[in-house]
Amino acid sequence: MTITNYYLSHTLNNFVEDQAQLDVVEKLQCIQNGLIQEQKLRNIFPILRKRKYVPGLYLWGHVGSGKTFLMDCFYQSLPLTNKMRMHFFQFMQFIHVELNNYPHQSDPLALIVKQLAKKNIVLCLDEFLVKDIVDAMLLARLLKLMIKEGICLITTANIPPDELYKRGLQRQQFLPAIDLLKKHTEVIHIKVAQDYRTLTASHTVQLTESKMEQAFSILTQGKSISNTSLIINHHSIFVKKRTEDIVWFDFREICCIGRTPADYLFIAKNFPMIFISDIPAISSEQRNLIRLFISMIDVFYDANINLFFSTPIPLADIYVEGDMQFEFKRTLSRLIHFRHQHSN
C-alpha cells in the first residue's frame with residue numbers, strides 16, 4: 001500500500017480533506033520511492049555498492065497540525081523492515097546508554113551509528129526538540145555520521161531548525177547540526193490552523209475520584225490487586241493500586257522531583273493502562289515540575305498508553321503562566337486526546 005492510500009484510508013472518517021497534509025504525503029511518497037529503490041540496489045550489490053543517502057524530511061508546525069500522524073503514515077506504509085521510529089528524547093537516551101557500553105573505544109559514536117545503519121535505512125524521530133547541552137554538543141557529529149552511513153532522517157518538530165536550542169548554552173557549537181538538518185532534509189512548514197486532536201474532543205468534565213474508582217474496579221475484575229511499590233532503577237515509586245498490567249498513581253508520587261523520563265519509559269513498557277489522580281495547577285515557578293509533567297505525557301502518548309486521570313481544575317488551567325507555555329500547548333492537546341478516549 002502506498003503512503004497516499006494509507007493516509008486516505010485512515011483519514012476518511014476522521015479528518016476533513018487537507019491540502020497541506022496531502023502535499024506532505026506527496027513529498028513522503030517520493031522519499032519512500034527513493035528508499036525502496038536504494039534497498040533494491042543494496043540487495044543486488046550488497047558488498048560492491050555503498051549505501052547512498054536518501055534526503056529526508058524535517059516537518060514542523062503548530063500543535064495538532066498532524067505532523068506525527070503523517071510521519072506514522074509514512075512509517076507504517078513503508079514496505080521495509082529495516083526502519084526505526086522513536087520519540088526524539090528516547091532516541092537520545094538510547095545513544096547515551098550505548099555510549100556507556102563502549103568505555104574504552106576511541107570513537108564510540110561512530111561504532112554506534114554503524115550498528116544502527118546495519119539495521120535501519122530510515123530513522124523516524126518525533127518531536128525534535130533540543131534542551132540538554134549534552135545532546136546539543138553531540139548532535140552535529142551524530143547527524144554527520146548518520147548521513148555518512150546512509151540513514152535517512154524523517155523528523156517532526158514544533159519549530160523550524162533555526163529556532164532549535166535558541167537560547168542554549170554554547171549554542172555556537174550546535175549550529176553545525178542546524179546546517180546539516182537544512183542541507184540534508186527538506187524543511188517543510190505544515191500550515192494548518194485546526195488542531196485535529198480537538199475536533200472530536202468531549203466537553204465533559206474530568207473524571208472524579210469516584211469515577212476513577214469505578215473504572216478501575218471494572219477494568220480489574222478477576223485480577224489480583226496490590227499496593228506494592230514499583231522498583232525502578234533501584235528506587236521505589238509508591239502506587240495507590242496495581243495489577244499485573246494496570247497501575248494507579250497519585251500525581252504527587254508519579255510526577256515529582258527525582259523522577260526521570262527513564263522511569264516513565266519503564267512504566268509505559270510494563271503497564272499499558274495507567275491511572276493518575278489529582279493533577280494540580282502548576283505555577284510559573286515550578287519549572288522542573290512542568291518539564292517533568294510534559295515529559296511524562298509525551299512518553300505515555302507516544303507509547304499509546306490508555307491513560308485515565310483526574311484533576312479538580314479545567315485542563316487549560318493546569319499551567320497558565322510561565323516560559324513553558326509553548327511546550328504545554330502540545331501537552332494540553334494530548335491530554336484532550338486522552339480524555340476523549342474515555343468520554344463515550
# chains A, B, ... in the order shown; residues from 1 in each chain; ligands from 1

call {"tool": "closest_atom_pairs", "arguments": {"of": "range 104-193 of chain A", "to": "range 62-65 of chain A", "cutoff": "12 Å", "atoms": "only C-alpha atoms", "output": "JSON lines"}}
result
{"residue": "A:Glu127", "atom": "CA", "partner": "A:Val63", "partner_atom": "CA", "distance": 10.4}
{"residue": "A:Thr156", "atom": "CA", "partner": "A:His62", "partner_atom": "CA", "distance": 10.5}
{"residue": "A:Ala157", "atom": "CA", "partner": "A:His62", "partner_atom": "CA", "distance": 8.5}
{"residue": "A:Asn158", "atom": "CA", "partner": "A:His62", "partner_atom": "CA", "distance": 5.6}
{"residue": "A:Ile159", "atom": "CA", "partner": "A:His62", "partner_atom": "CA", "distance": 7.9}
{"residue": "A:Pro160", "atom": "CA", "partner": "A:His62", "partner_atom": "CA", "distance": 10.6}
{"residue": "A:His189", "atom": "CA", "partner": "A:His62", "partner_atom": "CA", "distance": 9.1}
{"residue": "A:Ile190", "atom": "CA", "partner": "A:Ser65", "partner_atom": "CA", "distance": 7.1}
{"residue": "A:Lys191", "atom": "CA", "partner": "A:Ser65", "partner_atom": "CA", "distance": 7.4}
{"residue": "A:Val192", "atom": "CA", "partner": "A:Ser65", "partner_atom": "CA", "distance": 5.4}
{"residue": "A:Ala193", "atom": "CA", "partner": "A:Ser65", "partner_atom": "CA", "distance": 7.2}

call {"tool": "write_last_selection", "arguments": {"atoms": "N, CA and C atoms", "output": "PDB file, in the first residue's frame"}}
result
ATOM      1  N   GLU A 127       9.018  14.803  17.509  1.00  0.00           N
ATOM      2  CA  GLU A 127       9.235  15.898  18.466  1.00  0.00           C
ATOM      3  C   GLU A 127      10.719  16.216  18.653  1.00  0.00           C
ATOM      4  N   THR A 156       9.766  15.232  13.052  1.00  0.00           N
ATOM      5  CA  THR A 156       8.756  16.268  13.261  1.00  0.00           C
ATOM      6  C   THR A 156       9.254  17.219  14.340  1.00  0.00           C
ATOM      7  N   ALA A 157       8.741  18.443  14.319  1.00  0.00           N
ATOM      8  CA  ALA A 157       9.125  19.442  15.311  1.00  0.00           C
ATOM      9  C   ALA A 157       8.062  20.526  15.355  1.00  0.00           C
ATOM     10  N   ASN A 158       8.054  21.281  16.438  1.00  0.00           N
ATOM     11  CA  ASN A 158       7.129  22.400  16.564  1.00  0.00           C
ATOM     12  C   ASN A 158       7.735  23.716  16.096  1.00  0.00           C
ATOM     13  N   ILE A 159       9.041  23.716  15.851  1.00  0.00           N
ATOM     14  CA  ILE A 159       9.738  24.933  15.454  1.00  0.00           C
ATOM     15  C   ILE A 159      10.667  24.638  14.280  1.00  0.00           C
ATOM     16  N   PRO A 160      11.049  25.654  13.490  1.00  0.00           N
ATOM     17  CA  PRO A 160      11.978  25.437  12.390  1.00  0.00           C
ATOM     18  C   PRO A 160      13.381  25.152  12.907  1.00  0.00           C
ATOM     19  N   HIS A 189       7.189  23.505   6.385  1.00  0.00           N
ATOM     20  CA  HIS A 189       6.296  24.061   7.405  1.00  0.00           C
ATOM     21  C   HIS A 189       4.869  23.696   7.014  1.00  0.00           C
ATOM     22  N   ILE A 190       4.230  22.857   7.814  1.00  0.00           N
ATOM     23  CA  ILE A 190       2.848  22.478   7.533  1.00  0.00           C
ATOM     24  C   ILE A 190       1.928  23.503   8.193  1.00  0.00           C
ATOM     25  N   LYS A 191       1.280  24.293   7.380  1.00  0.00           N
ATOM     26  CA  LYS A 191       0.461  25.408   7.869  1.00  0.00           C
ATOM     27  C   LYS A 191      -0.992  24.969   7.964  1.00  0.00           C
ATOM     28  N   VAL A 192      -1.341  24.462   9.133  1.00  0.00           N
ATOM     29  CA  VAL A 192      -2.707  24.017   9.381  1.00  0.00           C
ATOM     30  C   VAL A 192      -3.209  24.729  10.622  1.00  0.00           C
ATOM     31  N   ALA A 193      -4.310  25.430  10.502  1.00  0.00           N
ATOM     32  CA  ALA A 193      -4.833  26.215  11.626  1.00  0.00           C
ATOM     33  C   ALA A 193      -5.570  25.350  12.646  1.00  0.00           C
TER      34      ALA A 193
END

call {"tool": "select_by_dssp", "arguments": {"residues": "range 74-298 of chain A", "states": "helix (DSSP H, G or I)", "output": "number ranges by chain"}}
result
A: 74-77, 88-100, 108-119, 133-148, 161-163, 171-173, 175-184, 196-198, 209-219, 251-254, 261-270, 287-298

call {"tool": "residues_around", "arguments": {"residues": "Asp126 in chain A", "least_positions_apart": "3", "cutoff": "9 Å", "atoms": "only C-alpha atoms", "output": "count of residues only"}}
result
13

call {"tool": "closest_residue", "arguments": {"among": "A:Tyr102, A:Phe271, A:Phe293, A:Phe128", "to": "Tyr58 in chain A", "atoms": "only C-alpha atoms"}}
result
A:Phe128

call {"tool": "residues_around", "arguments": {"residues": "range 281-287 of chain A", "least_positions_apart": "5", "cutoff": "12 Å", "atoms": "only C-alpha atoms", "output": "mmCIF file with N, CA and C atoms, in the first residue's frame"}}
result
data_model
loop_
_atom_site.group_PDB
_atom_site.id
_atom_site.type_symbol
_atom_site.label_atom_id
_atom_site.label_comp_id
_atom_site.auth_asym_id
_atom_site.auth_seq_id
_atom_site.Cartn_x
_atom_site.Cartn_y
_atom_site.Cartn_z
ATOM 1 N N PHE A 251 -0.654 11.879 41.605
ATOM 2 C CA PHE A 251 0.212 12.777 40.828
ATOM 3 C C PHE A 251 1.473 13.137 41.605
ATOM 4 N N ARG A 252 1.340 13.410 42.900
ATOM 5 C CA ARG A 252 2.486 13.849 43.701
ATOM 6 C C ARG A 252 3.569 12.776 43.798
ATOM 7 N N CYS A 255 4.813 12.236 39.538
ATOM 8 C CA CYS A 255 5.403 13.411 38.896
ATOM 9 C C CYS A 255 5.997 14.312 39.981
ATOM 10 N N CYS A 256 7.181 13.954 40.448
ATOM 11 C CA CYS A 256 7.840 14.745 41.479
ATOM 12 C C CYS A 256 9.330 14.776 41.180
ATOM 13 N N ILE A 257 10.008 15.709 41.798
ATOM 14 C CA ILE A 257 11.433 15.857 41.563
ATOM 15 C C ILE A 257 12.151 14.555 41.925
ATOM 16 N N LEU A 292 8.809 17.996 33.837
ATOM 17 C CA LEU A 292 8.607 16.581 34.112
ATOM 18 C C LEU A 292 7.221 16.138 33.668
ATOM 19 N N PHE A 293 6.226 16.962 33.928
ATOM 20 C CA PHE A 293 4.853 16.634 33.535
ATOM 21 C C PHE A 293 4.747 16.514 32.011
ATOM 22 N N ILE A 294 5.323 17.469 31.291
ATOM 23 C CA ILE A 294 5.308 17.425 29.824
ATOM 24 C C ILE A 294 6.014 16.168 29.323
ATOM 25 N N THR A 311 -8.476 15.616 37.694
ATOM 26 C CA THR A 311 -7.949 16.919 38.073
ATOM 27 C C THR A 311 -9.118 17.777 38.531
ATOM 28 N N PRO A 312 -8.946 18.555 39.579
ATOM 29 C CA PRO A 312 -10.045 19.379 40.083
ATOM 30 C C PRO A 312 -10.253 20.661 39.302
ATOM 31 N N ILE A 313 -9.424 20.889 38.285
ATOM 32 C CA ILE A 313 -9.497 22.132 37.522
ATOM 33 C C ILE A 313 -9.616 21.838 36.036
ATOM 34 N N PRO A 314 -10.066 22.805 35.222
ATOM 35 C CA PRO A 314 -10.069 22.615 33.766
ATOM 36 C C PRO A 314 -8.657 22.355 33.256
ATOM 37 N N LEU A 315 -8.537 21.572 32.204
ATOM 38 C CA LEU A 315 -7.217 21.231 31.672
ATOM 39 C C LEU A 315 -6.400 22.468 31.330
ATOM 40 N N ALA A 316 -7.057 23.455 30.738
ATOM 41 C CA ALA A 316 -6.339 24.665 30.304
ATOM 42 C C ALA A 316 -5.782 25.452 31.482
ATOM 43 N N ASP A 317 -6.276 25.190 32.703
ATOM 44 C CA ASP A 317 -5.820 25.930 33.882
ATOM 45 C C ASP A 317 -4.676 25.239 34.616
ATOM 46 N N ILE A 318 -4.225 24.098 34.102
ATOM 47 C CA ILE A 318 -3.128 23.391 34.770
ATOM 48 C C ILE A 318 -1.862 24.244 34.765
ATOM 49 N N TYR A 319 -1.595 24.923 33.648
ATOM 50 C CA TYR A 319 -0.380 25.749 33.540
ATOM 51 C C TYR A 319 -0.726 26.993 32.725
ATOM 52 N N VAL A 320 -0.971 28.088 33.426
ATOM 53 C CA VAL A 320 -1.464 29.297 32.749
ATOM 54 C C VAL A 320 -0.410 30.377 32.607
ATOM 55 N N GLU A 321 0.679 30.296 33.362
ATOM 56 C CA GLU A 321 1.749 31.290 33.270
ATOM 57 C C GLU A 321 3.099 30.584 33.332
ATOM 58 N N GLY A 322 4.084 31.159 32.645
ATOM 59 C CA GLY A 322 5.418 30.582 32.678
ATOM 60 C C GLY A 322 6.021 30.489 31.290
ATOM 61 N N ASP A 323 7.331 30.238 31.240
ATOM 62 C CA ASP A 323 8.034 30.241 29.954
ATOM 63 C C ASP A 323 7.970 28.909 29.221
ATOM 64 N N MET A 324 7.136 27.973 29.731
ATOM 65 C CA MET A 324 6.952 26.694 29.040
ATOM 66 C C MET A 324 5.585 26.623 28.370
ATOM 67 N N GLN A 325 4.967 27.781 28.130
ATOM 68 C CA GLN A 325 3.637 27.819 27.533
ATOM 69 C C GLN A 325 3.606 27.137 26.168
ATOM 70 N N GLU A 327 5.518 24.717 24.957
ATOM 71 C CA GLU A 327 5.593 23.262 25.093
ATOM 72 C C GLU A 327 4.304 22.693 25.676
ATOM 73 N N PHE A 328 3.684 23.437 26.594
ATOM 74 C CA PHE A 328 2.480 22.932 27.241
ATOM 75 C C PHE A 328 1.304 22.841 26.270
#

call {"tool": "select_by_dssp", "arguments": {"residues": "range 48-147 of chain A", "states": "strand (DSSP E or B)", "output": "list in words"}}
result
Gly56, Leu57, Tyr58, Leu59, Trp60, Lys83, Met84, Arg85, Met86, His87, Val122, Leu123, Cys124, Leu125 and Asp126 of chain A

call {"tool": "write_last_selection", "arguments": {"atoms": "all heavy atoms", "output": "CSV table (one decimal), in the first residue's frame"}}
result
chain,number,residue,atom,x,y,z
A,56,GLY,N,16.1,13.3,3.6
A,56,GLY,CA,14.9,13.1,4.5
A,56,GLY,C,14.0,14.3,4.5
A,56,GLY,O,14.0,15.1,3.6
A,57,LEU,N,13.3,14.4,5.6
A,57,LEU,CA,12.3,15.5,5.8
A,57,LEU,C,12.3,16.0,7.2
A,57,LEU,O,12.3,15.2,8.2
A,57,LEU,CB,10.9,15.0,5.4
A,57,LEU,CG,9.7,16.0,5.3
A,57,LEU,CD1,9.9,16.9,4.2
A,57,LEU,CD2,8.4,15.3,5.3
A,58,TYR,N,12.2,17.3,7.4
A,58,TYR,CA,12.1,17.9,8.7
A,58,TYR,C,10.7,18.7,8.6
A,58,TYR,O,10.6,19.7,8.0
A,58,TYR,CB,13.2,18.9,8.9
A,58,TYR,CG,13.2,19.6,10.3
A,58,TYR,CD1,14.0,19.2,11.3
A,58,TYR,CD2,12.3,20.7,10.5
A,58,TYR,CE1,14.0,19.9,12.5
A,58,TYR,CE2,12.3,21.4,11.7
A,58,TYR,CZ,13.2,21.0,12.7
A,58,TYR,OH,13.1,21.6,13.9
A,59,LEU,N,9.7,18.1,9.3
A,59,LEU,CA,8.4,18.6,9.2
A,59,LEU,C,8.0,19.3,10.5
A,59,LEU,O,8.0,18.7,11.5
A,59,LEU,CB,7.4,17.4,9.0
A,59,LEU,CG,5.9,17.7,8.8
A,59,LEU,CD1,5.7,18.6,7.6
A,59,LEU,CD2,5.1,16.5,8.7
A,60,TRP,N,7.8,20.6,10.3
A,60,TRP,CA,7.4,21.4,11.5
A,60,TRP,C,6.1,22.2,11.4
A,60,TRP,O,5.7,22.5,10.3
A,60,TRP,CB,8.6,22.3,11.9
A,60,TRP,CG,8.8,23.5,11.0
A,60,TRP,CD1,9.4,23.6,9.8
A,60,TRP,CD2,8.3,24.9,11.3
A,60,TRP,NE1,9.4,24.9,9.3
A,60,TRP,CE2,8.7,25.7,10.2
A,60,TRP,CE3,7.5,25.4,12.3
A,60,TRP,CZ2,8.4,27.0,10.1
A,60,TRP,CZ3,7.2,26.8,12.3
A,60,TRP,CH2,7.6,27.6,11.2
A,83,LYS,N,13.8,-0.3,9.5
A,83,LYS,CA,13.3,1.0,9.8
A,83,LYS,C,13.2,1.2,11.3
A,83,LYS,O,12.9,0.2,12.0
A,83,LYS,CB,12.0,1.3,9.1
A,83,LYS,CG,10.9,0.4,9.4
A,83,LYS,CD,9.7,0.6,8.6
A,83,LYS,CE,8.6,-0.4,8.9
A,83,LYS,NZ,7.3,-0.2,8.1
A,84,MET,N,13.3,2.4,11.8
A,84,MET,CA,13.1,2.6,13.3
A,84,MET,C,12.3,3.9,13.5
A,84,MET,O,12.5,4.9,12.8
A,84,MET,CB,14.4,2.8,14.0
A,84,MET,CG,14.4,3.1,15.5
A,84,MET,SD,16.0,3.3,16.3
A,84,MET,CE,16.6,1.7,16.3
A,85,ARG,N,11.4,3.8,14.5
A,85,ARG,CA,10.5,5.0,14.8
A,85,ARG,C,10.6,5.2,16.3
A,85,ARG,O,10.3,4.3,17.1
A,85,ARG,CB,9.1,4.8,14.4
A,85,ARG,CG,8.2,6.0,14.4
A,85,ARG,CD,7.5,6.1,15.7
A,85,ARG,NE,6.4,7.1,15.7
A,85,ARG,CZ,6.1,7.9,16.7
A,85,ARG,NH1,6.8,7.9,17.8
A,85,ARG,NH2,5.1,8.8,16.6
A,86,MET,N,11.1,6.4,16.8
A,86,MET,CA,11.2,6.7,18.2
A,86,MET,C,10.9,8.1,18.5
A,86,MET,O,10.9,9.0,17.6
A,86,MET,CB,12.6,6.4,18.7
A,86,MET,CG,13.1,5.0,18.6
A,86,MET,SD,14.8,4.7,19.2
A,86,MET,CE,14.5,4.7,21.0
A,87,HIS,N,10.5,8.4,19.7
A,87,HIS,CA,10.5,9.8,20.2
A,87,HIS,C,11.9,10.3,20.3
A,87,HIS,O,12.8,9.6,20.6
A,87,HIS,CB,9.8,9.9,21.5
A,87,HIS,CG,9.3,11.3,21.9
A,87,HIS,ND1,10.2,12.2,22.4
A,87,HIS,CD2,8.1,11.9,21.9
A,87,HIS,CE1,9.6,13.3,22.6
A,87,HIS,NE2,8.3,13.1,22.3
A,122,VAL,N,16.2,3.9,7.5
A,122,VAL,CA,15.5,5.2,7.8
A,122,VAL,C,15.2,5.3,9.3
A,122,VAL,O,14.9,4.2,9.9
A,122,VAL,CB,14.2,5.3,7.0
A,122,VAL,CG1,13.2,4.1,7.3
A,122,VAL,CG2,13.5,6.6,7.2
A,123,LEU,N,15.3,6.5,9.8
A,123,LEU,CA,15.0,6.7,11.2
A,123,LEU,C,14.0,7.8,11.3
A,123,LEU,O,14.1,8.9,10.8
A,123,LEU,CB,16.3,7.2,12.0
A,123,LEU,CG,16.2,7.6,13.4
A,123,LEU,CD1,15.7,6.4,14.3
A,123,LEU,CD2,17.5,8.2,13.9
A,124,CYS,N,12.8,7.5,12.0
A,124,CYS,CA,11.7,8.5,12.2
A,124,CYS,C,11.8,8.9,13.6
A,124,CYS,O,11.6,8.1,14.5
A,124,CYS,CB,10.4,7.8,11.9
A,124,CYS,SG,10.2,7.4,10.1
A,125,LEU,N,12.0,10.2,13.8
A,125,LEU,CA,12.0,10.8,15.2
A,125,LEU,C,10.9,11.8,15.4
A,125,LEU,O,10.8,12.8,14.6
A,125,LEU,CB,13.4,11.5,15.4
A,125,LEU,CG,14.6,10.6,15.4
A,125,LEU,CD1,15.9,11.4,15.6
A,125,LEU,CD2,14.5,9.5,16.4
A,126,ASP,N,10.1,11.6,16.4
A,126,ASP,CA,9.0,12.5,16.7
A,126,ASP,C,9.5,13.6,17.7
A,126,ASP,O,10.2,13.2,18.7
A,126,ASP,CB,7.8,11.7,17.2
A,126,ASP,CG,6.5,12.5,17.2
A,126,ASP,OD1,6.4,13.4,16.4
A,126,ASP,OD2,5.6,12.1,18.0

call {"tool": "residues_around", "arguments": {"residues": "Gly258 in chain A", "least_positions_apart": "4", "cutoff": "10 Å", "atoms": "only C-alpha atoms", "output": "PyMOL selection string"}}
result
chain A and resi 235+254+263+288+292

call {"tool": "atom_distance", "arguments": {"atom1": "CA of Cys152 in chain A", "atom2": "CA of Lys50 in chain A"}}
result
14.2 Å

call {"tool": "closest_residue", "arguments": {"among": "A:Glu98, A:Glu149, A:Asp162, A:Glu253", "to": "Phe174 in chain A", "atoms": "only C-alpha atoms"}}
result
A:Asp162

call {"tool": "atom_distance", "arguments": {"atom1": "CA of Ile246 in chain A", "atom2": "CA of Ile232 in chain A"}}
result
16.1 Å

call {"tool": "closest_residue", "arguments": {"among": "A:Ile231, A:Val24, A:Leu109, A:Ala215", "to": "Ile3 in chain A", "atoms": "only C-alpha atoms"}}
result
A:Val24

call {"tool": "residues_around", "arguments": {"residues": "Val134 in chain A", "least_positions_apart": "6", "cutoff": "12 Å", "atoms": "only C-alpha atoms", "output": "ChimeraX atom specification"}}
result
/A:92-93,95-96,140,165,168-171,173-174

call {"tool": "residues_around", "arguments": {"residues": "Val113 in chain A", "least_positions_apart": "4", "cutoff": "12 Å", "atoms": "only C-alpha atoms", "output": "PyMOL selection string"}}
result
chain A and resi 94-95+98-99+107-109+117-121+123+141-151
